[in-house]
Amino acid sequence: MARSSSSSSSTLARRLLPALILTSLLCISPPLGTHAAPTGTRTRTTSTADPSPTVPYASDDPNAELWNAHSDIVPEGRRGTYGANVLGPQNVPLELQNPSLLAPPTTDHGDVPNAKWPFDLSHNRLQTGGWARQQNVHNLPIATGLAAVDMRLEPGAIRELHWHNTAEWAYVLKGSAQVTTVTADGQNYAATVPKGSLWYFPSGQPHSIQATDDDPEGTEFLLVFDDGSFSEDSTFLLTDWLAHVPKEVIAKNFHANQAAFDHIPSEQLYIFPGPIPADNQQPPTSPQGRTPLPYTFDFANMKPTQYPGGTVKIADSRNFEVAKTIAVAEVTVEPGSMREMHWHPADDEWTYFIEGSARITLFAASSNARTFDYQAGDIAYIPASYGHYIENTGNSTLRLLEVLKTDVFKDISLNQWLALTPPELVKAHLQLSDETIAQLSKTKQVVVAPQ
(Lines give C-alpha, C1' and ligand atoms only; values in the text may rest on other atoms or scores of the structure.)
Protein backbone atom coordinates (compact mmCIF):
# COMPACT_ATOMS: atom_id res chain seq x y z
CA MET A 1 0.00 0.00 0.00
CA ALA A 2 2.86 2.42 0.85
CA ARG A 3 4.53 1.69 -2.48
CA SER A 4 1.27 2.51 -4.34
CA SER A 5 0.99 5.87 -2.51
CA SER A 6 4.61 6.78 -3.39
CA SER A 7 4.06 5.94 -7.06
CA SER A 8 0.95 8.15 -7.22
CA SER A 9 2.87 11.10 -5.71
CA SER A 10 5.65 10.80 -8.32
CA THR A 11 3.14 10.74 -11.14
CA LEU A 12 1.42 13.87 -9.81
CA ALA A 13 4.77 15.71 -9.48
CA ARG A 14 5.68 14.92 -13.09
CA ARG A 15 2.35 16.26 -14.28
CA LEU A 16 2.64 19.47 -12.27
CA LEU A 17 6.30 20.23 -13.23
CA PRO A 18 5.58 21.88 -16.64
CA ALA A 19 2.96 24.15 -15.08
CA LEU A 20 5.35 25.17 -12.31
CA ILE A 21 8.11 25.99 -14.84
CA LEU A 22 5.72 28.04 -17.02
CA THR A 23 4.48 29.99 -13.98
CA SER A 24 8.08 30.75 -12.96
CA LEU A 25 8.99 32.04 -16.46
CA LEU A 26 5.93 34.27 -16.61
CA CYS A 27 6.84 35.83 -13.27
CA ILE A 28 10.36 36.88 -14.36
CA SER A 29 9.63 37.83 -18.05
CA PRO A 30 8.58 41.38 -19.06
CA PRO A 31 4.96 41.89 -20.05
CA LEU A 32 3.99 40.96 -23.59
CA GLY A 33 4.81 43.73 -26.10
CA THR A 34 7.73 45.28 -24.17
CA HIS A 35 11.44 44.97 -25.03
CA ALA A 36 14.53 44.70 -22.90
CA ALA A 37 16.76 47.79 -23.09
CA PRO A 38 19.64 47.33 -25.55
CA THR A 39 23.18 47.03 -24.27
CA GLY A 40 24.65 50.38 -23.33
CA THR A 41 21.23 52.06 -22.97
CA ARG A 42 20.69 54.27 -19.94
CA THR A 43 17.72 53.21 -17.78
CA ARG A 44 15.83 54.96 -15.01
CA THR A 45 14.74 53.67 -11.60
CA THR A 46 11.59 55.83 -11.54
CA SER A 47 8.19 54.33 -12.19
CA THR A 48 7.71 56.30 -15.47
CA ALA A 49 10.77 55.32 -17.55
CA ASP A 50 11.34 56.66 -21.10
CA PRO A 51 10.27 54.36 -23.93
CA SER A 52 13.16 52.20 -25.12
CA PRO A 53 14.50 52.98 -28.62
CA THR A 54 13.71 50.77 -31.59
CA VAL A 55 17.45 50.28 -32.15
CA PRO A 56 20.47 50.95 -29.90
CA TYR A 57 21.65 54.53 -29.49
CA ALA A 58 24.48 55.71 -31.76
CA SER A 59 27.96 55.21 -30.34
CA ASP A 60 29.84 58.02 -28.55
CA ASP A 61 33.22 56.55 -29.54
CA PRO A 62 35.72 59.30 -30.42
CA ASN A 63 36.47 59.35 -34.15
CA ALA A 64 38.88 62.22 -34.65
CA GLU A 65 41.84 61.77 -37.00
CA LEU A 66 44.63 59.91 -35.22
CA TRP A 67 47.49 61.64 -37.08
CA ASN A 68 48.12 64.00 -39.99
CA ALA A 69 50.53 64.42 -42.89
CA HIS A 70 53.11 66.09 -40.63
CA SER A 71 53.05 63.56 -37.76
CA ASP A 72 56.39 61.97 -36.81
CA ILE A 73 55.08 58.43 -36.40
CA VAL A 74 54.77 55.12 -38.21
CA PRO A 75 50.99 54.78 -38.70
CA GLU A 76 49.13 51.68 -37.52
CA GLY A 77 45.86 50.19 -38.67
CA ARG A 78 44.45 50.51 -35.20
CA ARG A 79 41.65 52.52 -33.57
CA GLY A 80 41.00 51.83 -29.91
CA THR A 81 40.57 48.08 -29.41
CA TYR A 82 40.06 47.46 -33.13
CA GLY A 83 42.73 46.56 -35.67
CA ALA A 84 46.45 45.91 -35.28
CA ASN A 85 49.81 47.20 -36.41
CA VAL A 86 51.12 46.68 -39.96
CA LEU A 87 53.57 43.80 -40.39
CA GLY A 88 54.24 44.18 -44.11
CA PRO A 89 55.88 47.04 -46.05
CA GLN A 90 54.44 50.51 -45.54
CA ASN A 91 54.33 53.67 -47.67
CA VAL A 92 54.52 55.91 -44.62
CA PRO A 93 54.17 59.31 -46.37
CA LEU A 94 51.02 58.10 -48.13
CA GLU A 95 49.57 56.63 -44.93
CA LEU A 96 50.28 59.88 -43.05
CA GLN A 97 48.19 61.73 -45.65
CA ASN A 98 45.29 59.27 -45.37
CA PRO A 99 44.58 58.45 -41.70
CA SER A 100 40.89 57.86 -42.42
CA LEU A 101 41.74 54.97 -44.75
CA LEU A 102 44.23 53.10 -42.54
CA ALA A 103 42.38 53.80 -39.26
CA PRO A 104 38.88 54.85 -40.34
CA PRO A 105 36.21 56.23 -38.02
CA THR A 106 34.01 53.54 -36.54
CA THR A 107 31.07 55.28 -38.21
CA ASP A 108 32.35 54.25 -41.67
CA HIS A 109 30.43 51.29 -43.04
CA GLY A 110 29.78 49.37 -46.22
CA ASP A 111 31.29 50.37 -49.53
CA VAL A 112 31.74 53.76 -51.21
CA PRO A 113 33.89 54.13 -54.35
CA ASN A 114 37.17 56.00 -54.06
CA ALA A 115 36.44 59.75 -54.02
CA LYS A 116 39.99 61.16 -53.91
CA TRP A 117 42.50 61.88 -56.65
CA PRO A 118 45.68 63.97 -56.30
CA PHE A 119 46.80 65.69 -59.51
CA ASP A 120 50.30 64.56 -58.42
CA LEU A 121 49.34 61.04 -59.55
CA SER A 122 48.21 62.15 -63.03
CA HIS A 123 50.48 61.60 -66.01
CA ASN A 124 51.94 64.92 -67.16
CA ARG A 125 52.07 65.86 -70.85
CA LEU A 126 55.24 67.95 -71.30
CA GLN A 127 55.46 70.44 -74.16
CA THR A 128 57.84 73.25 -75.11
CA GLY A 129 56.34 76.14 -73.17
CA GLY A 130 54.32 74.25 -70.59
CA TRP A 131 52.51 71.09 -69.55
CA ALA A 132 49.08 69.63 -68.83
CA ARG A 133 47.81 66.81 -66.61
CA GLN A 134 44.24 65.58 -66.34
CA GLN A 135 41.75 63.74 -64.16
CA ASN A 136 38.76 61.97 -65.63
CA VAL A 137 36.64 58.85 -65.18
CA HIS A 138 39.59 56.63 -66.13
CA ASN A 139 41.59 57.46 -62.99
CA LEU A 140 38.64 58.38 -60.73
CA PRO A 141 35.73 56.14 -61.83
CA ILE A 142 33.20 57.78 -59.50
CA ALA A 143 33.66 61.08 -61.41
CA THR A 144 31.16 60.43 -64.19
CA GLY A 145 29.88 64.00 -64.56
CA LEU A 146 32.96 66.24 -64.53
CA ALA A 147 36.60 66.01 -65.58
CA ALA A 148 39.50 68.43 -65.13
CA VAL A 149 42.90 69.55 -66.40
CA ASP A 150 45.69 71.36 -64.55
CA MET A 151 47.62 73.40 -67.16
CA ARG A 152 50.84 75.43 -66.92
CA LEU A 153 52.06 77.95 -69.51
CA GLU A 154 55.30 79.92 -69.49
CA PRO A 155 55.10 83.65 -70.40
CA GLY A 156 53.91 83.99 -73.99
CA ALA A 157 53.19 80.27 -74.38
CA ILE A 158 49.99 79.44 -76.25
CA ARG A 159 47.38 76.73 -75.81
CA GLU A 160 46.60 76.62 -79.46
CA LEU A 161 43.32 77.63 -81.12
CA HIS A 162 40.89 74.77 -80.45
CA TRP A 163 37.40 73.68 -79.41
CA HIS A 164 35.79 70.81 -77.47
CA ASN A 165 32.56 68.84 -77.57
CA THR A 166 32.08 69.86 -73.92
CA ALA A 167 31.92 73.22 -72.18
CA GLU A 168 35.16 74.53 -70.64
CA TRP A 169 35.23 76.38 -67.28
CA ALA A 170 38.47 77.76 -65.83
CA TYR A 171 39.90 79.15 -62.58
CA VAL A 172 43.31 80.86 -62.63
CA LEU A 173 45.59 79.59 -59.84
CA LYS A 174 48.57 81.88 -60.53
CA GLY A 175 49.54 84.59 -62.97
CA SER A 176 47.15 85.66 -65.72
CA ALA A 177 46.04 84.42 -69.11
CA GLN A 178 44.67 86.16 -72.20
CA VAL A 179 41.74 84.34 -73.81
CA THR A 180 39.95 84.85 -77.14
CA THR A 181 36.80 83.38 -78.67
CA VAL A 182 34.45 83.73 -81.66
CA THR A 183 30.76 82.75 -81.60
CA ALA A 184 28.73 81.02 -84.29
CA ASP A 185 27.28 84.46 -85.11
CA GLY A 186 30.74 85.85 -85.88
CA GLN A 187 31.00 87.98 -82.74
CA ASN A 188 34.38 88.01 -81.05
CA TYR A 189 35.75 88.55 -77.57
CA ALA A 190 39.15 88.86 -75.87
CA ALA A 191 40.13 89.51 -72.25
CA THR A 192 42.90 89.01 -69.71
CA VAL A 193 41.94 86.81 -66.74
CA PRO A 194 43.93 87.33 -63.51
CA LYS A 195 44.58 85.00 -60.57
CA GLY A 196 41.36 83.91 -58.85
CA SER A 197 39.09 84.77 -61.78
CA LEU A 198 37.16 82.68 -64.31
CA TRP A 199 36.37 82.04 -67.95
CA TYR A 200 33.77 79.83 -69.62
CA PHE A 201 33.32 78.68 -73.22
CA PRO A 202 30.26 76.69 -74.36
CA SER A 203 30.59 73.37 -76.12
CA GLY A 204 31.92 73.70 -79.66
CA GLN A 205 32.93 77.37 -79.37
CA PRO A 206 36.53 77.99 -80.58
CA HIS A 207 38.96 79.73 -78.27
CA SER A 208 42.61 80.20 -77.32
CA ILE A 209 44.64 80.71 -74.13
CA GLN A 210 47.96 82.55 -73.86
CA ALA A 211 50.07 83.31 -70.80
CA THR A 212 50.94 86.92 -70.09
CA ASP A 213 54.08 88.07 -68.31
CA ASP A 214 52.16 89.73 -65.46
CA ASP A 215 53.83 87.03 -63.39
CA PRO A 216 57.43 86.37 -64.51
CA GLU A 217 56.74 82.62 -64.31
CA GLY A 218 53.66 82.74 -66.53
CA THR A 219 50.41 81.13 -65.44
CA GLU A 220 48.74 77.98 -64.13
CA PHE A 221 45.01 77.33 -64.21
CA LEU A 222 42.33 74.67 -63.69
CA LEU A 223 40.05 73.63 -66.52
CA VAL A 224 36.81 71.77 -65.68
CA PHE A 225 34.67 70.04 -68.32
CA ASP A 226 31.04 68.96 -67.98
CA ASP A 227 31.65 65.32 -68.95
CA GLY A 228 33.54 62.84 -66.79
CA SER A 229 34.86 60.95 -69.83
CA PHE A 230 36.44 64.08 -71.36
CA SER A 231 40.06 63.67 -72.47
CA GLU A 232 42.40 66.58 -73.14
CA ASP A 233 44.03 64.38 -75.77
CA SER A 234 40.80 64.41 -77.83
CA THR A 235 40.59 68.17 -78.38
CA PHE A 236 39.78 69.62 -81.82
CA LEU A 237 42.98 71.53 -82.69
CA LEU A 238 43.49 74.00 -85.55
CA THR A 239 46.89 72.63 -86.61
CA ASP A 240 45.79 69.01 -86.27
CA TRP A 241 42.82 69.60 -88.58
CA LEU A 242 44.77 71.42 -91.30
CA ALA A 243 47.53 68.79 -91.19
CA HIS A 244 44.93 66.24 -92.25
CA VAL A 245 43.28 68.13 -95.11
CA PRO A 246 44.73 68.16 -98.66
CA LYS A 247 46.49 71.48 -99.29
CA GLU A 248 44.58 72.13 -102.50
CA VAL A 249 41.36 71.96 -100.47
CA ILE A 250 42.78 74.39 -97.88
CA ALA A 251 43.81 76.79 -100.66
CA LYS A 252 40.37 76.59 -102.25
CA ASN A 253 38.67 77.23 -98.90
CA PHE A 254 40.66 80.42 -98.24
CA HIS A 255 40.84 81.63 -101.88
CA ALA A 256 44.62 81.68 -101.65
CA ASN A 257 47.59 80.29 -103.51
CA GLN A 258 48.53 76.82 -102.30
CA ALA A 259 52.08 78.01 -101.66
CA ALA A 260 50.73 80.26 -98.90
CA PHE A 261 50.32 77.12 -96.79
CA ASP A 262 53.78 75.65 -97.32
CA HIS A 263 54.75 76.19 -93.66
CA ILE A 264 51.69 74.96 -91.81
CA PRO A 265 52.68 72.33 -89.19
CA SER A 266 52.55 68.66 -90.16
CA GLU A 267 51.09 67.76 -86.77
CA GLN A 268 49.41 69.42 -83.80
CA LEU A 269 51.22 72.06 -81.72
CA TYR A 270 48.96 71.82 -78.62
CA ILE A 271 51.17 74.01 -76.36
CA PHE A 272 53.99 76.04 -77.92
CA PRO A 273 56.06 79.19 -77.26
CA GLY A 274 54.80 82.54 -78.53
CA PRO A 275 55.42 86.27 -78.20
CA ILE A 276 54.27 88.04 -75.03
CA PRO A 277 50.77 89.40 -75.78
CA ALA A 278 50.15 93.12 -75.46
CA ASP A 279 48.30 94.18 -72.33
CA ASN A 280 44.56 93.81 -72.84
CA GLN A 281 45.08 92.98 -76.51
CA GLN A 282 41.90 93.35 -78.54
CA PRO A 283 40.76 91.18 -81.47
CA PRO A 284 40.06 92.53 -84.97
CA THR A 285 36.86 94.53 -85.37
CA SER A 286 34.05 92.20 -86.40
CA PRO A 287 31.24 93.43 -88.67
CA GLN A 288 28.99 91.32 -86.41
CA GLY A 289 30.25 93.19 -83.35
CA ARG A 290 31.46 92.06 -79.93
CA THR A 291 29.75 89.33 -77.95
CA PRO A 292 26.83 90.77 -75.93
CA LEU A 293 27.97 88.93 -72.78
CA PRO A 294 31.51 88.53 -71.40
CA TYR A 295 33.08 85.09 -71.33
CA THR A 296 35.20 85.99 -68.31
CA PHE A 297 34.21 86.85 -64.73
CA ASP A 298 36.09 88.94 -62.13
CA PHE A 299 35.67 86.38 -59.37
CA ALA A 300 38.87 87.52 -57.63
CA ASN A 301 37.33 90.87 -56.63
CA MET A 302 33.91 89.54 -55.69
CA LYS A 303 33.14 90.22 -52.02
CA PRO A 304 32.54 86.95 -50.13
CA THR A 305 29.72 86.34 -47.66
CA GLN A 306 30.97 85.95 -44.09
CA TYR A 307 29.76 83.04 -41.94
CA PRO A 308 30.74 82.05 -38.37
CA GLY A 309 33.39 79.58 -39.57
CA GLY A 310 34.57 81.08 -42.85
CA THR A 311 33.47 82.67 -46.13
CA VAL A 312 31.70 81.75 -49.37
CA LYS A 313 31.34 83.39 -52.77
CA ILE A 314 29.40 81.90 -55.66
CA ALA A 315 29.61 82.35 -59.44
CA ASP A 316 26.88 80.79 -61.55
CA SER A 317 24.53 81.81 -64.37
CA ARG A 318 22.88 84.41 -62.12
CA ASN A 319 26.00 86.60 -62.10
CA PHE A 320 28.20 84.92 -64.76
CA GLU A 321 25.49 84.61 -67.37
CA VAL A 322 27.28 82.55 -70.04
CA ALA A 323 28.11 79.78 -67.54
CA LYS A 324 25.13 77.55 -68.28
CA THR A 325 26.50 74.15 -67.22
CA ILE A 326 29.05 74.81 -64.45
CA ALA A 327 28.75 76.76 -61.18
CA VAL A 328 31.27 77.30 -58.39
CA ALA A 329 31.51 78.24 -54.73
CA GLU A 330 34.91 79.34 -53.41
CA VAL A 331 34.90 78.47 -49.71
CA THR A 332 37.25 79.27 -46.84
CA VAL A 333 37.01 77.30 -43.59
CA GLU A 334 38.87 78.42 -40.49
CA PRO A 335 40.72 75.94 -38.21
CA GLY A 336 38.27 73.84 -36.19
CA SER A 337 35.36 74.86 -38.42
CA MET A 338 33.51 72.94 -41.13
CA ARG A 339 31.38 73.31 -44.22
CA GLU A 340 28.06 72.25 -42.75
CA MET A 341 26.43 68.87 -43.40
CA HIS A 342 24.55 69.16 -46.69
CA TRP A 343 23.94 67.65 -50.10
CA HIS A 344 23.33 68.83 -53.65
CA PRO A 345 19.95 67.51 -54.80
CA ALA A 346 20.67 66.96 -58.49
CA ASP A 347 24.28 67.96 -59.19
CA ASP A 348 27.62 66.19 -58.91
CA GLU A 349 30.33 68.11 -57.03
CA TRP A 350 33.97 68.32 -58.14
CA THR A 351 36.00 69.85 -55.30
CA TYR A 352 39.57 71.13 -55.55
CA PHE A 353 41.64 71.97 -52.47
CA ILE A 354 43.78 75.10 -52.93
CA GLU A 355 45.15 75.45 -49.38
CA GLY A 356 45.01 73.50 -46.11
CA SER A 357 43.85 70.01 -45.19
CA ALA A 358 40.40 68.50 -44.73
CA ARG A 359 38.35 65.37 -44.29
CA ILE A 360 35.01 64.46 -45.83
CA THR A 361 32.64 61.63 -45.00
CA LEU A 362 30.42 60.60 -47.92
CA PHE A 363 27.04 59.10 -47.01
CA ALA A 364 25.82 57.07 -50.00
CA ALA A 365 22.57 55.70 -48.49
CA SER A 366 21.88 52.07 -47.44
CA SER A 367 24.30 52.41 -44.49
CA ASN A 368 27.25 53.06 -46.83
CA ALA A 369 29.63 55.74 -45.59
CA ARG A 370 33.36 56.37 -46.04
CA THR A 371 35.76 59.07 -44.91
CA PHE A 372 38.60 60.53 -47.00
CA ASP A 373 41.39 62.99 -46.21
CA TYR A 374 42.54 65.76 -48.54
CA GLN A 375 45.49 68.13 -48.91
CA ALA A 376 46.22 71.05 -51.26
CA GLY A 377 46.22 69.86 -54.87
CA ASP A 378 43.77 67.01 -54.22
CA ILE A 379 40.41 66.47 -55.90
CA ALA A 380 37.25 65.22 -54.17
CA TYR A 381 34.27 63.96 -56.14
CA ILE A 382 30.83 63.75 -54.57
CA PRO A 383 27.88 62.38 -56.60
CA ALA A 384 24.52 64.16 -56.50
CA SER A 385 22.50 63.62 -53.29
CA TYR A 386 25.43 62.13 -51.32
CA GLY A 387 25.33 63.64 -47.83
CA HIS A 388 28.66 65.15 -46.76
CA TYR A 389 30.55 67.79 -44.78
CA ILE A 390 34.01 69.31 -45.25
CA GLU A 391 35.98 69.68 -42.01
CA ASN A 392 39.17 71.70 -41.64
CA THR A 393 41.59 69.28 -39.96
CA GLY A 394 44.63 71.58 -40.06
CA ASN A 395 45.96 74.63 -38.23
CA SER A 396 45.57 77.08 -41.13
CA THR A 397 42.72 78.35 -43.28
CA LEU A 398 41.26 75.76 -45.65
CA ARG A 399 40.44 77.12 -49.12
CA LEU A 400 38.61 75.09 -51.74
CA LEU A 401 36.45 75.22 -54.85
CA GLU A 402 33.10 73.42 -54.95
CA VAL A 403 32.35 73.03 -58.66
CA LEU A 404 28.88 71.78 -59.62
CA LYS A 405 27.56 70.56 -62.96
CA THR A 406 24.63 72.99 -63.08
CA ASP A 407 23.62 76.51 -64.04
CA VAL A 408 22.59 77.56 -60.50
CA PHE A 409 24.47 76.55 -57.34
CA LYS A 410 22.11 74.75 -54.93
CA ASP A 411 22.48 72.75 -51.73
CA ILE A 412 20.25 71.49 -48.94
CA SER A 413 21.36 72.16 -45.37
CA LEU A 414 20.70 69.38 -42.85
CA ASN A 415 20.38 71.93 -40.04
CA GLN A 416 17.91 74.10 -41.92
CA TRP A 417 15.86 71.09 -43.06
CA LEU A 418 15.38 69.90 -39.48
CA ALA A 419 14.69 73.43 -38.19
CA LEU A 420 11.88 73.88 -40.73
CA THR A 421 10.32 70.44 -40.09
CA PRO A 422 7.62 70.04 -37.38
CA PRO A 423 9.48 69.60 -34.06
CA GLU A 424 7.52 66.51 -33.00
CA LEU A 425 8.62 64.75 -36.19
CA VAL A 426 12.27 65.60 -35.52
CA LYS A 427 11.92 64.50 -31.90
CA ALA A 428 10.37 61.19 -32.94
CA HIS A 429 13.34 60.45 -35.19
CA LEU A 430 16.29 61.71 -33.14
CA GLN A 431 15.03 61.89 -29.53
CA LEU A 432 16.29 65.48 -29.27
CA SER A 433 15.27 67.72 -26.39
CA ASP A 434 13.09 70.79 -26.91
CA GLU A 435 16.11 72.95 -26.10
CA THR A 436 18.23 71.34 -28.83
CA ILE A 437 15.42 71.60 -31.39
CA ALA A 438 14.98 75.28 -30.55
CA GLN A 439 18.67 75.86 -31.37
CA LEU A 440 18.38 74.47 -34.91
CA SER A 441 18.95 77.16 -37.54
CA LYS A 442 16.16 78.17 -39.94
CA THR A 443 18.75 79.81 -42.18
CA LYS A 444 21.76 78.07 -43.74
CA GLN A 445 24.91 78.32 -41.64
CA VAL A 446 27.04 77.15 -44.62
CA VAL A 447 30.35 77.29 -42.70
CA VAL A 448 29.98 76.57 -38.99
CA ALA A 449 32.45 77.45 -36.24
CA PRO A 450 33.25 75.19 -33.27
CA GLN A 451 31.25 75.75 -30.07
# chains A, B, ... in the order shown; residues from 1 in each chain; ligands from 1
$ select_by_dssp --residues "range 208-385 of chain A" --states "helix (DSSP H, G or I)" --output "PyMOL selection string"
chain A and resi 232-234+238-242+247-254+258-261+299-301
$ closest_atom_pairs --of "range 113-132 of chain A" --to "range 337-354 of chain A" --cutoff "12 Å" --atoms "only C-alpha atoms" --output "JSON lines"
{"residue": "A:Ala115", "atom": "CA", "partner": "A:Trp350", "partner_atom": "CA", "distance": 9.8}
{"residue": "A:Lys116", "atom": "CA", "partner": "A:Thr351", "partner_atom": "CA", "distance": 9.7}
{"residue": "A:Trp117", "atom": "CA", "partner": "A:Tyr352", "partner_atom": "CA", "distance": 9.8}
{"residue": "A:Pro118", "atom": "CA", "partner": "A:Tyr352", "partner_atom": "CA", "distance": 9.4}
{"residue": "A:Phe119", "atom": "CA", "partner": "A:Tyr352", "partner_atom": "CA", "distance": 9.9}
$ write_last_selection --atoms "N, CA and C atoms" --output "PDB file, in the first residue's frame"
ATOM      1  N   ALA A 115      36.882  58.385 -53.688  1.00  0.00           N
ATOM      2  CA  ALA A 115      36.443  59.747 -54.018  1.00  0.00           C
ATOM      3  C   ALA A 115      37.588  60.744 -53.898  1.00  0.00           C
ATOM      4  N   LYS A 116      38.816  60.271 -54.024  1.00  0.00           N
ATOM      5  CA  LYS A 116      39.987  61.161 -53.913  1.00  0.00           C
ATOM      6  C   LYS A 116      40.949  60.902 -55.056  1.00  0.00           C
ATOM      7  N   TRP A 117      41.448  61.992 -55.642  1.00  0.00           N
ATOM      8  CA  TRP A 117      42.505  61.877 -56.648  1.00  0.00           C
ATOM      9  C   TRP A 117      43.432  63.080 -56.545  1.00  0.00           C
ATOM     10  N   PRO A 118      44.724  62.862 -56.274  1.00  0.00           N
ATOM     11  CA  PRO A 118      45.684  63.971 -56.304  1.00  0.00           C
ATOM     12  C   PRO A 118      46.185  64.183 -57.739  1.00  0.00           C
ATOM     13  N   PHE A 119      46.227  65.426 -58.185  1.00  0.00           N
ATOM     14  CA  PHE A 119      46.797  65.688 -59.510  1.00  0.00           C
ATOM     15  C   PHE A 119      48.243  65.185 -59.596  1.00  0.00           C
TER      16      PHE A 119
END
$ closest_residue --among "A:Ala177, A:Val137, A:Ile276, A:Ala259" --to "Asp226 in chain A" --atoms "only C-alpha atoms"
A:Val137
$ residues_around --residues "Glu95 in chain A" --least-positions-apart "3" --cutoff "10 Å" --atoms "only C-alpha atoms" --output "count of residues only"
16
$ closest_residue --among "A:Glu321, A:Asp215, A:Asp233, A:Glu220" --to "Tyr200 in chain A" --atoms "only C-alpha atoms"
A:Glu321
$ closest_residue --among "A:Leu398, A:Val408, A:Ala256, A:Leu161" --to "Gly336 in chain A" --atoms "only C-alpha atoms"
A:Leu398
$ closest_residue --among "A:Ala211, A:Val55, A:Ala260, A:Ala419" --to "Glu248 in chain A" --atoms "only C-alpha atoms"
A:Ala260
$ closest_residue --among "A:Ala300, A:Leu223, A:Val179, A:Leu146" --to "Ala132 in chain A" --atoms "only C-alpha atoms"
A:Leu223
$ decode --residues "range 266-280 of chain A" --atoms "N, CA and C atoms" --output "tab-separated table (two decimals), in the first residue's frame"
chain	number	residue	atom	x	y	z
A	266	SER	N	52.96	69.99	-89.70
A	266	SER	CA	52.55	68.66	-90.16
A	266	SER	C	51.83	67.87	-89.07
A	267	GLU	N	51.81	68.40	-87.87
A	267	GLU	CA	51.09	67.76	-86.77
A	267	GLU	C	50.71	68.84	-85.76
A	268	GLN	N	49.93	68.45	-84.76
A	268	GLN	CA	49.41	69.42	-83.80
A	268	GLN	C	50.53	70.07	-82.98
A	269	LEU	N	50.28	71.34	-82.59
A	269	LEU	CA	51.22	72.06	-81.72
A	269	LEU	C	50.83	71.93	-80.24
A	270	TYR	N	49.54	71.96	-79.96
A	270	TYR	CA	48.96	71.82	-78.62
A	270	TYR	C	49.39	72.96	-77.71
A	271	ILE	N	50.58	72.89	-77.13
A	271	ILE	CA	51.17	74.01	-76.36
A	271	ILE	C	52.49	74.35	-77.02
A	272	PHE	N	52.73	75.65	-77.26
A	272	PHE	CA	53.99	76.04	-77.92
A	272	PHE	C	54.36	77.46	-77.53
A	273	PRO	N	55.63	77.84	-77.62
A	273	PRO	CA	56.06	79.19	-77.26
A	273	PRO	C	55.49	80.23	-78.21
A	274	GLY	N	55.28	81.44	-77.71
A	274	GLY	CA	54.80	82.54	-78.53
A	274	GLY	C	55.27	83.86	-77.97
A	275	PRO	N	55.03	84.95	-78.68
A	275	PRO	CA	55.42	86.27	-78.20
A	275	PRO	C	54.54	86.70	-77.02
A	276	ILE	N	55.06	87.53	-76.15
A	276	ILE	CA	54.27	88.04	-75.03
A	276	ILE	C	53.13	88.89	-75.59
A	277	PRO	N	51.89	88.60	-75.24
A	277	PRO	CA	50.77	89.40	-75.78
A	277	PRO	C	50.76	90.79	-75.17
A	278	ALA	N	50.30	91.76	-75.97
A	278	ALA	CA	50.15	93.12	-75.46
A	278	ALA	C	49.10	93.15	-74.35
A	279	ASP	N	49.27	94.07	-73.42
A	279	ASP	CA	48.30	94.18	-72.33
A	279	ASP	C	46.91	94.44	-72.89
A	280	ASN	N	45.95	93.66	-72.42
A	280	ASN	CA	44.56	93.81	-72.84
A	280	ASN	C	44.41	93.89	-74.36
